[in-house]
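A.B. asks: File name model_16.pdb; file contents PDB, C-alpha atoms and all ligand atoms; full text below.
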ATOM      1  CA  MET A   1       0.000   0.000   0.000
ATOM      2  CA  THR A   2       1.345   3.427  -0.942
ATOM      3  CA  MET A   3       0.775   6.624   1.040
ATOM      4  CA  ASP A   4      -0.626   9.618  -0.743
ATOM      5  CA  ASN A   5      -0.551  12.744   1.371
ATOM      6  CA  ARG A   6      -1.987  15.130  -1.161
ATOM      7  CA  PRO A   7      -5.185  16.850   0.031
ATOM      8  CA  VAL A   8      -8.824  16.083  -0.661
ATOM      9  CA  LEU A   9     -10.509  19.191  -2.044
ATOM     10  CA  PHE A  10     -14.080  20.164  -1.107
ATOM     11  CA  LEU A  11     -15.818  22.831  -3.128
ATOM     12  CA  ASP A  12     -19.055  24.799  -2.730
ATOM     13  CA  SER A  13     -20.378  28.266  -3.503
ATOM     14  CA  GLY A  14     -19.981  29.117   0.175
ATOM     15  CA  ILE A  15     -20.440  27.616   3.612
ATOM     16  CA  GLY A  16     -22.757  24.809   2.381
ATOM     17  CA  GLY A  17     -20.143  22.103   1.869
ATOM     18  CA  LEU A  18     -18.718  22.390   5.389
ATOM     19  CA  PRO A  19     -21.002  19.741   6.952
ATOM     20  CA  TYR A  20     -19.899  17.352   4.190
ATOM     21  CA  CYS A  21     -16.244  18.183   4.731
ATOM     22  CA  TYR A  22     -16.667  17.691   8.480
ATOM     23  CA  HIS A  23     -18.460  14.368   8.069
ATOM     24  CA  PHE A  24     -15.696  13.083   5.791
ATOM     25  CA  HIS A  25     -13.040  14.384   8.178
ATOM     26  CA  GLN A  26     -14.542  12.478  11.104
ATOM     27  CA  GLY A  27     -14.356   9.181   9.257
ATOM     28  CA  ASN A  28     -11.000   9.906   7.591
ATOM     29  CA  PRO A  29      -8.983  11.984  10.053
ATOM     30  CA  LYS A  30      -5.662  11.305   8.349
ATOM     31  CA  GLU A  31      -6.654  13.034   5.131
ATOM     32  CA  ALA A  32      -5.484  16.605   4.548
ATOM     33  CA  LEU A  33      -8.238  18.958   3.432
ATOM     34  CA  VAL A  34      -8.608  22.031   1.301
ATOM     35  CA  TYR A  35     -12.029  23.677   1.365
ATOM     36  CA  LEU A  36     -12.905  26.266  -1.252
ATOM     37  CA  ALA A  37     -15.879  28.580  -0.702
ATOM     38  CA  ASP A  38     -16.518  30.262  -4.045
ATOM     39  CA  ARG A  39     -18.179  33.277  -2.489
ATOM     40  CA  GLU A  40     -17.296  35.530  -5.370
ATOM     41  CA  TYR A  41     -19.730  33.517  -7.472
ATOM     42  CA  PHE A  42     -22.359  32.885  -4.780
ATOM     43  CA  PRO A  43     -25.142  31.913  -5.324
ATOM     44  CA  TYR A  44     -24.660  29.112  -7.837
ATOM     45  CA  GLY A  45     -28.384  28.377  -7.876
ATOM     46  CA  SER A  46     -29.308  31.367 -10.026
ATOM     47  CA  LYS A  47     -26.654  30.655 -12.681
ATOM     48  CA  GLU A  48     -27.089  28.744 -15.920
ATOM     49  CA  ARG A  49     -25.336  25.444 -16.568
ATOM     50  CA  PRO A  50     -22.742  26.711 -19.145
ATOM     51  CA  GLU A  51     -21.697  29.500 -16.805
ATOM     52  CA  LEU A  52     -21.215  27.069 -13.912
ATOM     53  CA  ILE A  53     -19.235  24.662 -16.102
ATOM     54  CA  ARG A  54     -16.927  27.503 -17.169
ATOM     55  CA  ARG A  55     -16.463  28.731 -13.626
ATOM     56  CA  LEU A  56     -15.812  25.315 -12.094
ATOM     57  CA  THR A  57     -13.458  24.251 -14.900
ATOM     58  CA  GLY A  58     -11.410  27.408 -14.365
ATOM     59  CA  LEU A  59     -11.348  26.936 -10.592
ATOM     60  CA  LEU A  60     -10.304  23.289 -10.807
ATOM     61  CA  ASN A  61      -7.514  24.152 -13.224
ATOM     62  CA  ARG A  62      -6.151  26.736 -10.798
ATOM     63  CA  LEU A  63      -6.633  24.573  -7.726
ATOM     64  CA  ARG A  64      -4.827  21.671  -9.358
ATOM     65  CA  GLY A  65      -1.910  23.964 -10.058
ATOM     66  CA  SER A  66      -1.838  25.289  -6.489
ATOM     67  CA  TYR A  67      -2.756  22.246  -4.371
ATOM     68  CA  ASP A  68      -2.606  19.116  -6.552
ATOM     69  CA  PRO A  69      -5.658  17.482  -4.899
ATOM     70  CA  LYS A  70      -5.877  13.699  -5.203
ATOM     71  CA  LEU A  71      -9.694  13.751  -5.102
ATOM     72  CA  VAL A  72     -12.330  16.466  -5.441
ATOM     73  CA  VAL A  73     -15.720  16.474  -3.732
ATOM     74  CA  LEU A  74     -18.247  18.827  -5.293
ATOM     75  CA  ALA A  75     -20.026  19.464  -1.993
ATOM     76  CA  CYS A  76     -22.793  21.246  -3.828
ATOM     77  CA  ASN A  77     -25.873  19.777  -5.496
ATOM     78  CA  THR A  78     -26.120  22.640  -7.984
ATOM     79  CA  ALA A  79     -22.521  22.217  -9.144
ATOM     80  CA  SER A  80     -22.905  18.445  -9.325
ATOM     81  CA  VAL A  81     -26.158  18.458 -11.275
ATOM     82  CA  SER A  82     -24.864  21.123 -13.645
ATOM     83  CA  ALA A  83     -21.203  20.353 -14.188
ATOM     84  CA  LEU A  84     -20.089  16.956 -12.918
ATOM     85  CA  GLN A  85     -20.275  15.227 -16.308
ATOM     86  CA  ALA A  86     -18.455  18.036 -18.091
ATOM     87  CA  LEU A  87     -15.758  18.171 -15.401
ATOM     88  CA  ARG A  88     -15.211  14.409 -15.636
ATOM     89  CA  LYS A  89     -14.568  14.871 -19.357
ATOM     90  CA  SER A  90     -12.189  17.784 -18.812
ATOM     91  CA  PHE A  91     -10.291  16.117 -15.943
ATOM     92  CA  PRO A  92     -10.310  12.402 -16.767
ATOM     93  CA  ASP A  93      -7.416  11.618 -14.429
ATOM     94  CA  LEU A  94      -8.896  13.432 -11.390
ATOM     95  CA  PRO A  95     -11.326  11.432  -9.227
ATOM     96  CA  LEU A  96     -14.461  13.524  -8.726
ATOM     97  CA  VAL A  97     -17.304  12.861  -6.294
ATOM     98  CA  GLY A  98     -20.601  14.649  -6.809
ATOM     99  CA  THR A  99     -23.427  15.356  -4.370
ATOM    100  CA  VAL A 100     -26.560  13.609  -5.552
ATOM    101  CA  PRO A 101     -29.807  14.510  -3.761
ATOM    102  CA  ALA A 102     -30.940  11.646  -1.503
ATOM    103  CA  VAL A 103     -33.911  10.756  -3.698
ATOM    104  CA  LYS A 104     -33.476   6.999  -3.315
ATOM    105  CA  PRO A 105     -33.838   6.859   0.497
ATOM    106  CA  ALA A 106     -36.756   9.270   0.302
ATOM    107  CA  VAL A 107     -38.524   7.088  -2.266
ATOM    108  CA  LEU A 108     -37.934   4.046  -0.059
ATOM    109  CA  ALA A 109     -39.293   5.869   3.007
ATOM    110  CA  SER A 110     -42.364   7.446   1.429
ATOM    111  CA  LYS A 111     -45.585   5.690   2.461
ATOM    112  CA  LYS A 112     -47.762   8.098   0.474
ATOM    113  CA  ARG A 113     -45.589   7.535  -2.619
ATOM    114  CA  HIS A 114     -44.918  11.239  -2.876
ATOM    115  CA  ILE A 115     -41.534  12.825  -2.199
ATOM    116  CA  GLY A 116     -40.420  16.453  -2.040
ATOM    117  CA  VAL A 117     -37.069  17.910  -3.079
ATOM    118  CA  LEU A 118     -35.915  21.274  -1.742
ATOM    119  CA  GLY A 119     -33.024  22.816  -3.659
ATOM    120  CA  THR A 120     -31.832  25.748  -5.703
ATOM    121  CA  SER A 121     -33.660  26.858  -8.852
ATOM    122  CA  ARG A 122     -30.889  25.396 -11.006
ATOM    123  CA  THR A 123     -31.087  22.018  -9.273
ATOM    124  CA  ILE A 124     -34.835  21.592  -9.240
ATOM    125  CA  ASN A 125     -35.219  22.761 -12.841
ATOM    126  CA  ASP A 126     -32.748  20.169 -14.039
ATOM    127  CA  PRO A 127     -34.419  17.069 -15.536
ATOM    128  CA  TYR A 128     -32.028  14.974 -13.434
ATOM    129  CA  ILE A 129     -34.242  15.142 -10.320
ATOM    130  CA  ALA A 130     -37.320  13.816 -12.127
ATOM    131  CA  GLU A 131     -35.170  11.148 -13.815
ATOM    132  CA  LEU A 132     -33.772  10.017 -10.452
ATOM    133  CA  THR A 133     -37.260   9.842  -8.956
ATOM    134  CA  ALA A 134     -38.572   7.807 -11.891
ATOM    135  CA  LYS A 135     -35.548   5.492 -11.645
ATOM    136  CA  PHE A 136     -35.995   4.675  -7.949
ATOM    137  CA  GLY A 137     -39.765   5.007  -7.640
ATOM    138  CA  SER A 138     -41.745   4.933 -10.874
ATOM    139  CA  ASP A 139     -44.941   4.991  -8.748
ATOM    140  CA  CYS A 140     -43.767   8.023  -6.778
ATOM    141  CA  ALA A 141     -44.986  11.602  -7.291
ATOM    142  CA  LEU A 142     -42.480  14.442  -7.011
ATOM    143  CA  THR A 143     -42.897  17.977  -5.695
ATOM    144  CA  THR A 144     -39.914  20.310  -6.038
ATOM    145  CA  ILE A 145     -39.455  23.690  -4.382
ATOM    146  CA  ALA A 146     -36.672  26.215  -4.998
ATOM    147  CA  ALA A 147     -35.532  27.996  -1.846
ATOM    148  CA  PRO A 148     -32.933  30.647  -2.748
ATOM    149  CA  ASP A 149     -33.876  32.686   0.326
ATOM    150  CA  LEU A 150     -33.018  29.751   2.583
ATOM    151  CA  VAL A 151     -29.598  29.411   0.906
ATOM    152  CA  GLU A 152     -29.074  33.109   1.519
ATOM    153  CA  PHE A 153     -30.201  32.726   5.148
ATOM    154  CA  VAL A 154     -27.676  29.961   5.829
ATOM    155  CA  GLU A 155     -24.823  31.736   4.077
ATOM    156  CA  HIS A 156     -25.333  35.126   5.680
ATOM    157  CA  ARG A 157     -27.524  34.820   8.766
ATOM    158  CA  TYR A 158     -27.286  31.312  10.143
ATOM    159  CA  ALA A 159     -24.297  31.946  12.362
ATOM    160  CA  VAL A 160     -26.028  34.825  14.147
ATOM    161  CA  SER A 161     -29.553  33.409  14.147
ATOM    162  CA  ASP A 162     -31.397  31.829  17.067
ATOM    163  CA  ALA A 163     -33.532  28.688  17.141
ATOM    164  CA  GLN A 164     -36.766  30.623  16.668
ATOM    165  CA  GLU A 165     -35.477  32.405  13.556
ATOM    166  CA  ARG A 166     -34.297  29.100  12.075
ATOM    167  CA  HIS A 167     -37.623  27.471  12.804
ATOM    168  CA  LEU A 168     -39.482  30.305  11.070
ATOM    169  CA  ALA A 169     -37.156  30.084   8.084
ATOM    170  CA  VAL A 170     -37.849  26.368   7.618
ATOM    171  CA  LEU A 171     -41.534  26.063   8.507
ATOM    172  CA  PRO A 172     -43.114  27.456   5.288
ATOM    173  CA  TYR A 173     -41.313  24.799   3.245
ATOM    174  CA  ILE A 174     -42.463  21.965   5.480
ATOM    175  CA  GLU A 175     -46.019  23.277   5.186
ATOM    176  CA  GLN A 176     -45.824  23.535   1.385
ATOM    177  CA  PHE A 177     -44.623  19.956   1.092
ATOM    178  CA  ARG A 178     -47.268  18.754   3.531
ATOM    179  CA  CYS A 179     -50.032  20.540   1.594
ATOM    180  CA  ALA A 180     -48.758  19.035  -1.657
ATOM    181  CA  GLY A 181     -49.046  15.568  -0.096
ATOM    182  CA  ALA A 182     -45.348  14.678   0.135
ATOM    183  CA  ASP A 183     -44.229  12.723   3.207
ATOM    184  CA  ALA A 184     -40.471  12.319   2.543
ATOM    185  CA  ILE A 185     -38.394  15.447   1.995
ATOM    186  CA  VAL A 186     -34.930  15.603   0.429
ATOM    187  CA  LEU A 187     -32.555  18.379   1.483
ATOM    188  CA  GLY A 188     -31.239  18.887  -2.048
ATOM    189  CA  CYS A 189     -28.855  21.730  -1.311
ATOM    190  CA  THR A 190     -25.812  21.330   0.906
ATOM    191  CA  HIS A 191     -26.504  24.625   2.687
ATOM    192  CA  PHE A 192     -29.648  23.093   4.197
ATOM    193  CA  LEU A 193     -27.583  20.618   6.219
ATOM    194  CA  PHE A 194     -26.941  23.455   8.660
ATOM    195  CA  LEU A 195     -30.686  23.372   9.305
ATOM    196  CA  GLN A 196     -30.997  19.594   9.438
ATOM    197  CA  ASP A 197     -32.078  19.488  13.102
ATOM    198  CA  THR A 198     -34.487  22.384  12.573
ATOM    199  CA  PHE A 199     -36.050  20.565   9.618
ATOM    200  CA  LYS A 200     -36.361  17.365  11.642
ATOM    201  CA  ASP A 201     -37.963  19.190  14.581
ATOM    202  CA  ALA A 202     -40.440  21.005  12.321
ATOM    203  CA  ALA A 203     -41.226  18.007  10.121
ATOM    204  CA  GLY A 204     -43.533  16.081  12.467
ATOM    205  CA  ASP A 205     -44.477  12.903  10.650
ATOM    206  CA  LEU A 206     -42.609  13.833   7.441
ATOM    207  CA  SER A 207     -39.179  12.251   7.055
ATOM    208  CA  ILE A 208     -36.083  14.291   6.122
ATOM    209  CA  HIS A 209     -33.300  12.869   3.940
ATOM    210  CA  ASP A 210     -29.808  13.996   2.999
ATOM    211  CA  SER A 211     -26.736  12.719   1.175
ATOM    212  CA  LEU A 212     -24.116  13.318   3.871
ATOM    213  CA  GLU A 213     -23.362   9.658   4.524
ATOM    214  CA  GLY A 214     -23.460   8.681   0.846
ATOM    215  CA  VAL A 215     -20.994  11.363  -0.255
ATOM    216  CA  SER A 216     -18.479  10.610   2.512
ATOM    217  CA  HIS A 217     -18.744   6.915   1.846
ATOM    218  CA  ARG A 218     -18.201   7.361  -1.907
ATOM    219  CA  ALA A 219     -15.169   9.633  -1.361
ATOM    220  CA  ALA A 220     -13.557   7.198   1.094
ATOM    221  CA  ALA A 221     -14.279   4.220  -1.166
ATOM    222  CA  LEU A 222     -12.689   5.942  -4.173
ATOM    223  CA  LEU A 223      -9.559   6.769  -2.187
ATOM    224  CA  ASP A 224      -9.337   3.153  -1.149
ATOM    225  CA  GLN A 225      -9.996   1.680  -4.607
ATOM    226  CA  ARG A 226      -7.417   3.921  -6.254
ATOM    227  CA  ASP A 227      -4.833   3.416  -3.535
ATOM    228  CA  LEU A 228      -4.867   7.125  -2.697
ATOM    229  CA  CYS A 229      -5.267   6.929   1.096
ATOM    230  CA  SER A 230      -3.000   8.860   3.386
ATOM    231  CA  GLY A 231      -1.356   6.468   5.810
ATOM    232  CA  ALA A 232      -0.501   9.035   8.452
ATOM    233  CA  VAL A 233      -0.986  12.635   9.507
ATOM    234  CA  PHE A 234       2.011  14.701   8.455
ATOM    235  CA  PRO A 235       3.268  16.720  11.435
ATOM    236  CA  ASP A 236       3.280  20.003   9.518
ATOM    237  CA  ARG A 237       0.024  19.364   7.747
ATOM    238  CA  GLU A 238      -2.418  22.240   7.462
ATOM    239  CA  ASN A 239      -6.052  22.067   6.468
ATOM    240  CA  ILE A 240      -6.837  25.088   4.381
ATOM    241  CA  LEU A 241      -9.934  27.237   3.981
ATOM    242  CA  LEU A 242      -9.943  29.238   0.754
ATOM    243  CA  VAL A 243     -12.451  31.933  -0.092
ATOM    244  CA  THR A 244     -12.809  33.599  -3.484
ATOM    245  CA  GLY A 245     -13.623  37.277  -3.871
ATOM    246  CA  ASN A 246     -12.426  40.357  -2.112
ATOM    247  CA  SER A 247     -14.707  40.341   0.883
ATOM    248  CA  PHE A 248     -13.440  37.840   3.362
ATOM    249  CA  PRO A 249     -16.313  36.287   5.317
ATOM    250  CA  GLU A 250     -17.421  38.015   8.451
ATOM    251  CA  PRO A 251     -15.557  36.802  11.569
ATOM    252  CA  VAL A 252     -18.597  34.903  12.790
ATOM    253  CA  TRP A 253     -18.477  32.794   9.604
ATOM    254  CA  GLN A 254     -14.860  31.935  10.229
ATOM    255  CA  GLU A 255     -15.660  30.950  13.800
ATOM    256  CA  ARG A 256     -18.361  28.740  12.409
ATOM    257  CA  ALA A 257     -15.864  27.018  10.107
ATOM    258  CA  ARG A 258     -13.537  26.399  13.060
ATOM    259  CA  ALA A 259     -16.447  25.192  15.174
ATOM    260  CA  PHE A 260     -16.800  22.409  12.646
ATOM    261  CA  GLY A 261     -13.678  20.957  14.163
ATOM    262  CA  LEU A 262     -11.762  20.994  10.917
ATOM    263  CA  SER A 263      -8.897  23.007  12.295
ATOM    264  CA  LEU A 264      -8.866  24.875   9.034
ATOM    265  CA  CYS A 265      -5.939  26.831  10.271
ATOM    266  CA  SER A 266      -4.874  28.714   7.219
ATOM    267  CA  GLU A 267      -7.461  31.059   5.745
ATOM    268  CA  GLN A 268      -6.674  32.728   2.479
ATOM    269  CA  ASN A 269      -8.332  34.709  -0.246
ATOM    270  CA  TYR A 270      -8.099  32.880  -3.503
TER     271      TYR A 270
HETATM  272  N1  LIG A 301     -24.869  24.709  -1.721
HETATM  273  C1  LIG A 301     -25.273  24.651  -3.057
HETATM  274  C2  LIG A 301     -26.088  23.421  -3.405
HETATM  275  O1  LIG A 301     -25.923  22.393  -2.808
HETATM  276  C3  LIG A 301     -25.657  25.876  -3.825
HETATM  277  C4  LIG A 301     -26.165  27.097  -3.158
HETATM  278  C5  LIG A 301     -26.085  28.296  -4.079
HETATM  279  O2  LIG A 301     -24.973  28.806  -4.226
HETATM  280  O3  LIG A 301     -27.105  28.669  -4.684
HETATM  281  O4  LIG A 301     -26.864  23.433  -4.324
END
Once you've parsed the file, please lay out its structure as structure tokens.
C.D. replies:
Amino acid sequence: MTMDNRPVLFLDSGIGGLPYCYHFHQGNPKEALVYLADREYFPYGSKERPELIRRLTGLLNRLRGSYDPKLVVLACNTASVSALQALRKSFPDLPLVGTVPAVKPAVLASKKRHIGVLGTSRTINDPYIAELTAKFGSDCALTTIAAPDLVEFVEHRYAVSDAQERHLAVLPYIEQFRCAGADAIVLGCTHFLFLQDTFKDAAGDLSIHDSLEGVSHRAAALLDQRDLCSGAVFPDRENILLVTGNSFPEPVWQERARAFGLSLCSEQNY
């Protein structure tokens, strides 16, 4: 077995991929991490597919030059739905893991045979969601809702919000899904993982599903299959938080990143 100490790169439009990065880190503590928050381009959800492909291709080219990641996790449903295939073509030698909305577990859990997917406009307007639903549950109805304001809330207000504010932010979506008749809801945007407990508390008898486990598992399995695992923690290793754009996130955001236990000790504009 060889030892590959190059970092695993996580990428999102902002703070949304942090829960995914943290989950992976807990199961794979020896792996070095680089997390890129593409805040200059936030939000991804209002952009068109070609624009996202261009942006992500450019970013990956630069990041490969600077950090030589051994694996990339697109910790963003919008980026994955829009650009994963194109990026695989452009970077055939770079293992890429996408974030696929947890439609399958929702379909399996739904007693009413009606699931709901909450995501960005770009994600829910992509035919991929309906195709996934038909693949795993041809008898299952699908209701999709775009929630750009909730993405905005997590990115810019979550860290300073209280439980009541979070509850009020989430409740209208639960009610819309309930009224539509859906009983299994997919958090189809990584930002919503920050509100996972709030969703579960507000959901009552509706079930809430996410792709946290699946993405971590896929990333770890790929490292293993391709013999890319890091055998040890390098003493001088640094996990790195990169942020695009001129405005560095407000201090409370940075505290939040640290609170995720990633010891992202070097913070840089990129
Ligand atoms: N966190 C992203 C997702 O999973 C996108 C949010 C945004 O930038 O609109 O879709």
A.B. asks: Could you name the residues that touch A:Ser13 at 9 Å or less, counting all atoms listed in the file, but leaving out those on the same chain fewer than 6 positions away, as a tab-separated table (two decimals) with C-alpha atoms, keeping the file's coordinate frame?
C.D. replies:
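For reference, selection.tsv as written:
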chain	number	residue	atom	x	y	z
A	36	LEU	CA	-12.90	26.27	-1.25
A	37	ALA	CA	-15.88	28.58	-0.70
A	38	ASP	CA	-16.52	30.26	-4.04
A	39	ARG	CA	-18.18	33.28	-2.49
A	40	GLU	CA	-17.30	35.53	-5.37
A	41	TYR	CA	-19.73	33.52	-7.47
A	42	PHE	CA	-22.36	32.88	-4.78
A	43	PRO	CA	-25.14	31.91	-5.32
A	44	TYR	CA	-24.66	29.11	-7.84
A	75	ALA	CA	-20.03	19.46	-1.99
A	76	CYS	CA	-22.79	21.25	-3.83
A	79	ALA	CA	-22.52	22.22	-9.14
A.B. asks: Determine the nearest neighbour of A:Gly204 from the options A:Val73, A:Leu142, A:Ala184, A:Leu222, counting all atoms listed in the file.
C.D. replies: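 Answer, going by the shortest atom-to-atom distance: A:Ala184.
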A.B. asks: I'd like to know which of A:Ile185, A:Leu118, A:Leu84, A:Leu96 is closest to ligand LIG 301 (chain A), using all atoms listed in the file.
C.D. replies: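 Checking each of A:Ile185, A:Leu118, A:Leu84, A:Leu96 against ligand LIG 301 (chain A), counting all atoms listed in the file, the winner is A:Leu118.
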A.B. asks: Between A:Ile174, A:Ala102, A:Leu187, A:Ala220, which one has atoms that come closest to A:Ala203, using all atoms listed in the file?
C.D. replies: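 Looking at the shortest contact to A:Ala203, the residue is A:Ile174.
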A.B. asks: Got a sec to check which residues lie within 10 Å of ligand LIG 301 (chain A), using only C-alpha atoms and all ligand atoms, and send them as a CSV table (one decimal) with C-alpha atoms, keeping the file's coordinate frame?
C.D. replies:
chain,number,residue,atom,x,y,z
A,11,LEU,CA,-15.8,22.8,-3.1
A,12,ASP,CA,-19.1,24.8,-2.7
A,13,SER,CA,-20.4,28.3,-3.5
A,14,GLY,CA,-20.0,29.1,0.2
A,15,ILE,CA,-20.4,27.6,3.6
A,16,GLY,CA,-22.8,24.8,2.4
A,17,GLY,CA,-20.1,22.1,1.9
A,18,LEU,CA,-18.7,22.4,5.4
A,37,ALA,CA,-15.9,28.6,-0.7
A,38,ASP,CA,-16.5,30.3,-4.0
A,39,ARG,CA,-18.2,33.3,-2.5
A,41,TYR,CA,-19.7,33.5,-7.5
A,42,PHE,CA,-22.4,32.9,-4.8
A,43,PRO,CA,-25.1,31.9,-5.3
A,44,TYR,CA,-24.7,29.1,-7.8
A,45,GLY,CA,-28.4,28.4,-7.9
A,46,SER,CA,-29.3,31.4,-10.0
A,47,LYS,CA,-26.7,30.7,-12.7
A,74,LEU,CA,-18.2,18.8,-5.3
A,75,ALA,CA,-20.0,19.5,-2.0
A,76,CYS,CA,-22.8,21.2,-3.8
A,77,ASN,CA,-25.9,19.8,-5.5
A,78,THR,CA,-26.1,22.6,-8.0
A,79,ALA,CA,-22.5,22.2,-9.1
A,80,SER,CA,-22.9,18.4,-9.3
A,81,VAL,CA,-26.2,18.5,-11.3
A,82,SER,CA,-24.9,21.1,-13.6
A,99,THR,CA,-23.4,15.4,-4.4
A,100,VAL,CA,-26.6,13.6,-5.6
A,101,PRO,CA,-29.8,14.5,-3.8
A,118,LEU,CA,-35.9,21.3,-1.7
A,119,GLY,CA,-33.0,22.8,-3.7
A,120,THR,CA,-31.8,25.7,-5.7
A,121,SER,CA,-33.7,26.9,-8.9
A,122,ARG,CA,-30.9,25.4,-11.0
A,123,THR,CA,-31.1,22.0,-9.3
A,124,ILE,CA,-34.8,21.6,-9.2
A,146,ALA,CA,-36.7,26.2,-5.0
A,147,ALA,CA,-35.5,28.0,-1.8
A,148,PRO,CA,-32.9,30.6,-2.7
A,149,ASP,CA,-33.9,32.7,0.3
A,150,LEU,CA,-33.0,29.8,2.6
A,151,VAL,CA,-29.6,29.4,0.9
A,152,GLU,CA,-29.1,33.1,1.5
A,154,VAL,CA,-27.7,30.0,5.8
A,155,GLU,CA,-24.8,31.7,4.1
A,187,LEU,CA,-32.6,18.4,1.5
A,188,GLY,CA,-31.2,18.9,-2.0
A,189,CYS,CA,-28.9,21.7,-1.3
A,190,THR,CA,-25.8,21.3,0.9
A,191,HIS,CA,-26.5,24.6,2.7
A,192,PHE,CA,-29.6,23.1,4.2
A,193,LEU,CA,-27.6,20.6,6.2
A.B. asks: Select, from A:His156, A:Val103, A:Gly58, A:Ala232, the residue with the minimum atom-to-atom distance to A:Ala130, counting all atoms listed in the file.
C.D. replies: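 Closest to A:Ala130, using all atoms listed in the file: A:Val103.
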A.B. asks: Can you translate the PyMOL selection byres (((chain A and resi 198) around 9) and not hetatm) into the concrete residues it hits in this file, as a ChimeraX atom specification?
C.D. replies: /A:163,166-167,170-171,194-197,199-203
A.B. asks: Between atom CA of A:Ala109 and atom CA of A:Val97, what is the distance, to one decimal in Å?
C.D. replies: 24.9 Å
A.B. asks: Quick one, how far is atom CA of A:Leu71 from atom CA of A:Leu228?
C.D. replies: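 The value is 8.5 Å.
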A.B. asks: With distances taken over only C-alpha atoms, which of A:Lys70, A:Arg62, A:His114, A:Arg55 is nearest to A:Ala182?
C.D. replies: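 Selected residue with least distance to A:Ala182: A:His114.
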A.B. asks: Hey, which of A:Val243, A:Met3, A:Val72, A:Leu59 ends up closest to A:Arg218? Count all atoms listed in the file.
C.D. replies: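 Checking each of A:Val243, A:Met3, A:Val72, A:Leu59 against A:Arg218, counting all atoms listed in the file, the winner is A:Val72.
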A.B. asks: Tell me, in Å to one decimal, how far atom CA of A:Gly137 is from atom CA of A:Ser211.
C.D. replies: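 Taking atom CA of A:Gly137 and atom CA of A:Ser211, their separation equals 17.5 Å.
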A.B. asks: Could you spell out the hits of the PyMOL selection byres (((chain A and resi 108) around 12) and not hetatm) on the shown file, as a ChimeraX atom specification?
C.D. replies: /A:102-107,109-115,133,135-140,183-186,207,209
A.B. asks: As a check of understanding, name the residues that the PyMOL selection byres (((chain A and resi 144) around 6) and not hetatm) selects in the supplied structure, as a PyMOL selection string.
C.D. replies: chain A and resi 116-118+143+145
A.B. asks: Listed atoms of stretch 175-184 of chain A, axis-aligned box, 5 Å per side: centre and edge lengths to one decimal in Å, as AutoDock Vina command-line options?
C.D. replies:
--center_x -45.3 --center_y 17.9 --center_z 1.8 --size_x 19.6 --size_y 21.2 --size_z 16.8
